[in-house]
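Data block below; observations after.
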Amino acid sequence: MFGSGPDTGHENSEEAASALVPVRFVWPYGGRRVFLSFTRWSEPMLMSPIEGCPTVFQIICRLTPGYHQYKFFVDGEWRHDEHQPFVSGNYGVVNTVFIAREPDVVPTVSHDIPDMEVDDVIMRSEAVMQIPEADLEVSRQRISLFLSTHTAYELLPDSGKVIALDVNLPVKQAFHILYEQGIPVAPLWDFCRGKFVGVLSALDFILILRELGTNGSNLTEEELETHTISAWKEGKSQLNPQIDGNGRPHPRHLVYAGPYDSLKDVALQILQHNVATIPIINSSTQDGSFPQILHLASLSGILKCICRHFKHASSSLPVLQHPISSIRLGTWVPQIGESNGRPFAMLRPNASLGSALSLLVQAEVSSIPVVDDNDSLLDIYSRSDITALAKDKAYAQIHLDEMSLHQALQLGQDANSPYGFNGQRCQMCLRSDPLHKVMERLANPGVRRLVIVEAGSKRVEGIISLSDVFRFLLGV
């Protein structure tokens with residue numbers, strides 16, 4: 001069946017109307033005026049920019065099940081989306097879409113239903129979609145094969161630097177270094193032992209600041225000036241000892257990888273130990289002496305390798321074409337009456353910084369969406385934002401329960417920036433986005449999660465992290 005375009009409803013047939021499927025089309029590449037046109041090309045439909053995302057245009061059309069061809073008309077020029085299926089034909093290069101019949105759920109949308117209700121129809125329809133087991137199995141096999149046959153050496157950039165800290169450095173000085181260098185984590189070097197012994201991360205500073213704000217704390221602000229990283233790590237290990245299988249405490253060891261370890265092994269190490277990054281260390285001697293740190297490996301870098309390798313062969317990974325709502329990837333805000341094993345945390349801008357830090361630690365999450373009274377996304381507070389408190393020694397002048405999240409976020413931004421949605425910090429996606437688009441955005445440097453929002457209102461619907469994607473792709 002070939003569909004020439006959206007149904008206009010001229011026949012007024014109830015049977016035909018009941019077969020129409022609402023489909024959202026998105027043009028995320030900017031422009032002043034963007035139109036969508038099907039194979040007649042003579043009836044372009046104006047697309048609307050998404051609120052808060054002026055470079056992303058969308059339109060929802062009601063289509064009959066079957067095969068459709070379409071193009072975009074952007075600022076007077078015919079365009080097609082290279083990241084969607086396309087073919088060459090009598091009309092040049094056009095995008096294609098196949099709308100399958102849905103016998104179990106047939107969404108019916110009349111002409112007077114606004115877009116927000118159409119979104120609701122799409123949500124219910126997508127919620128019952130099932131990914132074919134064959135699609136999932138073949139995609140996982142091909143990704144696993146690629147990761148198993150490529151090494152961590154491929155993650156190394158052509159040029160770059162890795163900042164390491166000596167364990168005898170005062171914590172306060174390390175705090176400032178991370179802030180000034182704009183990095184959330186640094187490997188730790190023990191000169192006496194001649195090896196790397198661990199990492200210092202933003203989570204360490206969160207724990208330190210919570211310790212400072214706790215009555216009866218053994219750490220004072222004055223001691224922070226001279227307290228070394230080594231002393232902090234030792235005290236931390238006593239407070240939170242690592243227990244082996246026999247119930248006995250044992251020392252924590254540095255999690256690292258070698259340059260010739262497979263990308264799959266590196267990814268599994270990151271997931272298993274629940275860390276953001278692991279150092280790639282090479283030694284020219286058999287006993288491991290004179291180690292050299294080459295790179296800090298992250299899931300983002302590994303994902304970039306996957307996207308680059310399969311860029312022109314995405315059809316070989318059929319699961320990547322499915323919308324994230326059908327996969328239910330990540331953590332979603334539970335619907336009314338729906339139980340959710342993983343609690344979803346959101347905070348208002350006036351919530352205290354202390355409550356945010358407690359939530360980050362207790363819920364073991366790396367970020368929390370900051371929303372308004374309608375649960376629309378305003379900003380996001382991440383563990384790494386804690387380093388902004390090093391600016392002008394703000395950590396020594398504040399009380400965590402007296403500073404609001406909005407005030408804390410302003411420390412790392414321009415003091416004159418207007419209050420409201422922060423589009424530069426908030427990386428978002430829609431529930432209708434296919435998995436490959438989500439992966440491409442997460443592969444960008446510095447992006448560790450995407451907030452799933454409702455089109456238009458930016459109402460938060462969920463969050464997807466790098467670890468969510470890898471656990472799904474690797475089946476772990």
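As shown in the structure tokens, the chain order sets the letters A, B, ...; within each chain, residues go from 1, and ligands are also counted from 1 in the order they appear.
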
If you run DSSP over the backbone, which residues in segment 269-476 of chain A end up strand (DSSP E or B)? Put them as an NGL selection string. :A and (277-283 or 291-298 or 323 or 331-332 or 347 or 352 or 367-371 or 376-382 or 404 or 428-429 or 434 or 449-453 or 459-465)

Distance query Asp81 of chain A at most 8 Å, only C-alpha atoms, self and fewer than 5 positions along chain excluded, as an MDAnalysis selection string: chainID A and resid 27 71:72 86 95

I'd like the contact shell of Asp166 of chain A - 8 Å cut-off, only C-alpha atoms, skipping same-chain residues fewer than 6 positions apart - returned as a PyMOL selection string. chain A and resi 188-191+229

Can you write just those residues out, all heavy atoms, as a short mmCIF file (atom, residue, chain, number, x, y, z; two decimals), in the first residue's frame?
```
data_model
loop_
_atom_site.label_atom_id
_atom_site.label_comp_id
_atom_site.auth_asym_id
_atom_site.auth_seq_id
_atom_site.Cartn_x
_atom_site.Cartn_y
_atom_site.Cartn_z
N LEU A 188 44.27 9.63 41.13
CA LEU A 188 45.12 9.95 42.28
C LEU A 188 46.44 9.18 42.18
O LEU A 188 46.44 7.96 41.98
CB LEU A 188 44.40 9.60 43.58
CG LEU A 188 43.10 10.35 43.84
CD1 LEU A 188 42.44 9.85 45.13
CD2 LEU A 188 43.34 11.85 43.92
N TRP A 189 47.55 9.92 42.37
CA TRP A 189 48.88 9.34 42.28
C TRP A 189 49.53 9.31 43.66
O TRP A 189 49.55 10.31 44.37
CB TRP A 189 49.73 10.15 41.32
CG TRP A 189 51.19 9.76 41.30
CD1 TRP A 189 52.23 10.42 41.89
CD2 TRP A 189 51.76 8.63 40.65
NE1 TRP A 189 53.41 9.78 41.66
CE2 TRP A 189 53.16 8.65 40.90
CE3 TRP A 189 51.24 7.57 39.91
CZ2 TRP A 189 54.02 7.69 40.42
CZ3 TRP A 189 52.10 6.61 39.42
CH2 TRP A 189 53.47 6.67 39.68
N ASP A 190 50.03 8.13 44.04
CA ASP A 190 50.75 7.98 45.30
C ASP A 190 52.24 7.87 44.98
O ASP A 190 52.70 6.84 44.46
CB ASP A 190 50.27 6.71 46.02
CG ASP A 190 50.82 6.63 47.45
OD1 ASP A 190 51.96 7.07 47.67
OD2 ASP A 190 50.10 6.11 48.33
N PHE A 191 52.99 8.94 45.28
CA PHE A 191 54.40 8.98 44.93
C PHE A 191 55.19 7.91 45.67
O PHE A 191 56.09 7.28 45.10
CB PHE A 191 54.97 10.37 45.23
CG PHE A 191 56.44 10.51 44.94
CD1 PHE A 191 56.89 10.69 43.65
CD2 PHE A 191 57.38 10.43 45.98
CE1 PHE A 191 58.25 10.79 43.39
CE2 PHE A 191 58.72 10.54 45.72
CZ PHE A 191 59.17 10.72 44.41
N ILE A 229 44.03 14.55 50.61
CA ILE A 229 43.17 13.59 49.91
C ILE A 229 43.33 12.21 50.53
O ILE A 229 42.35 11.48 50.73
CB ILE A 229 43.52 13.55 48.41
CG1 ILE A 229 43.28 14.92 47.77
CG2 ILE A 229 42.73 12.47 47.70
CD1 ILE A 229 43.75 15.02 46.33
#
```

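Remark: for Tyr67 of chain A, the closest of the candidate residues A:Thr226, A:Ser467, A:Gln410, A:Thr96 is A:Thr96 (distances computed over only C-alpha atoms).
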
Any idea what's packed within 7 Å of Thr331 of chain A, counting only C-alpha atoms, ignoring anything in its chain fewer than 3 positions away? Could you give it as an MDAnalysis selection string? chainID A and resid 342 344 462:464

Using only C-alpha atoms, which protein or nucleic acid residues come within 10 Å of Gly182 of chain A? Drop anything in the same chain fewer than 3 positions from it, and give the result as a ChimeraX atom specification. /A:176-179,185,384-385,387-388

N, CA and C atoms of the current selection, written as an mmCIF file, in the first residue's frame:
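Wrote it out as selection09.cif, contents follow:
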```cif
data_model
loop_
_atom_site.group_PDB
_atom_site.id
_atom_site.type_symbol
_atom_site.label_atom_id
_atom_site.label_comp_id
_atom_site.auth_asym_id
_atom_site.auth_seq_id
_atom_site.Cartn_x
_atom_site.Cartn_y
_atom_site.Cartn_z
ATOM 1 N N HIS A 176 39.585 23.206 44.234
ATOM 2 C CA HIS A 176 39.783 24.343 43.336
ATOM 3 C C HIS A 176 40.301 23.909 41.978
ATOM 4 N N ILE A 177 41.179 22.909 41.953
ATOM 5 C CA ILE A 177 41.737 22.445 40.677
ATOM 6 C C ILE A 177 40.640 21.869 39.787
ATOM 7 N N LEU A 178 39.773 21.041 40.355
ATOM 8 C CA LEU A 178 38.681 20.479 39.565
ATOM 9 C C LEU A 178 37.780 21.577 39.008
ATOM 10 N N TYR A 179 37.516 22.586 39.831
ATOM 11 C CA TYR A 179 36.658 23.689 39.381
ATOM 12 C C TYR A 179 37.329 24.489 38.265
ATOM 13 N N VAL A 185 36.300 14.679 37.717
ATOM 14 C CA VAL A 185 37.019 13.559 38.313
ATOM 15 C C VAL A 185 38.493 13.633 37.919
ATOM 16 N N SER A 384 28.457 16.991 39.421
ATOM 17 C CA SER A 384 29.603 17.827 39.049
ATOM 18 C C SER A 384 29.374 19.309 39.324
ATOM 19 N N ASP A 385 28.115 19.729 39.504
ATOM 20 C CA ASP A 385 27.832 21.139 39.791
ATOM 21 C C ASP A 385 28.367 21.560 41.156
ATOM 22 N N THR A 387 31.283 21.456 42.232
ATOM 23 C CA THR A 387 32.583 22.128 42.155
ATOM 24 C C THR A 387 32.435 23.645 42.019
ATOM 25 N N ALA A 388 31.239 24.123 41.616
ATOM 26 C CA ALA A 388 31.028 25.574 41.521
ATOM 27 C C ALA A 388 31.161 26.244 42.882
#
```

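Nearest to Asp372 of chain A of all the residues A:Lys233, A:Lys172, A:Lys437, A:Lys458 is A:Lys458, counting only C-alpha atoms.
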
Counting only C-alpha atoms, figure out which residue out of A:Gly258, A:Gly194, A:Gly330, A:Gly160 gets nearest to Phe290 of chain A. A:Gly194

Tell me which protein, DNA and RNA residues are within 8 Å of Met47 of chain A, counting only C-alpha atoms, leaving out same-chain ones fewer than 3 positions away, and put them as a PyMOL selection string. chain A and resi 33-36+57-59

Based on the selection just made, write C-alpha atoms of those residues as a PDB file, in the first residue's frame.
```pdb
ATOM      1  CA  ARG A  33      10.048  28.491   8.154  1.00  0.00           C
ATOM      2  CA  VAL A  34       9.790  24.724   7.817  1.00  0.00           C
ATOM      3  CA  PHE A  35       7.081  22.795   5.945  1.00  0.00           C
ATOM      4  CA  LEU A  36       6.333  19.082   5.645  1.00  0.00           C
ATOM      5  CA  PHE A  57      10.171  21.900  14.396  1.00  0.00           C
ATOM      6  CA  GLN A  58       7.348  19.387  14.657  1.00  0.00           C
ATOM      7  CA  ILE A  59       3.955  18.530  13.264  1.00  0.00           C
TER       8      ILE A  59
END
```

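When only C-alpha atoms are used to compute distances to Ser358 of chain A, the closest of the residues A:Met346, A:Ile206, A:Met428, A:Ile293 turns out to be A:Ile206.
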
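By chain and then residue number, the residues within 12 Å of Pro85 of chain A are Tyr67, His68, Gln69, Tyr70, Lys71, His80, Asp81, Glu82, His83, Val87, Ser88, Val93, Val94, Asn95, Thr96, Val97, Phe98, His312, Ala313, Ser314, Ser315, Pro318 and Gln321 of chain A, counting only C-alpha atoms and disregarding those fewer than 2 positions away in sequence.
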
Counting only C-alpha atoms, which of A:Leu207, A:Val319, A:Leu294, A:Ile278 gets nearest to Glu154 of chain A? A:Leu294

Which parts of segment 292-420 of chain A does DSSP call helix (DSSP H, G or I) when run on the backbone here, written out as JSON, numbers by chain? {"A": [299, 300, 301, 302, 303, 304, 305, 306, 307, 308, 309, 314, 315, 316, 318, 319, 320, 321, 324, 325, 326, 327, 353, 354, 355, 356, 357, 358, 359, 360, 361, 362, 383, 384, 385, 386, 387, 388, 389, 390, 391, 392, 393, 394, 395, 396, 405, 406, 407, 408, 409, 410, 411]}

For Pro184 of chain A, which of A:Ala455, A:Ile324, A:Ile386, A:Leu430 is the closest residue, counting only C-alpha atoms? A:Ile386

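For the pair atom CA of Arg459 of chain A and atom CA of Leu203 of chain A, the separation is 28.2 Å.
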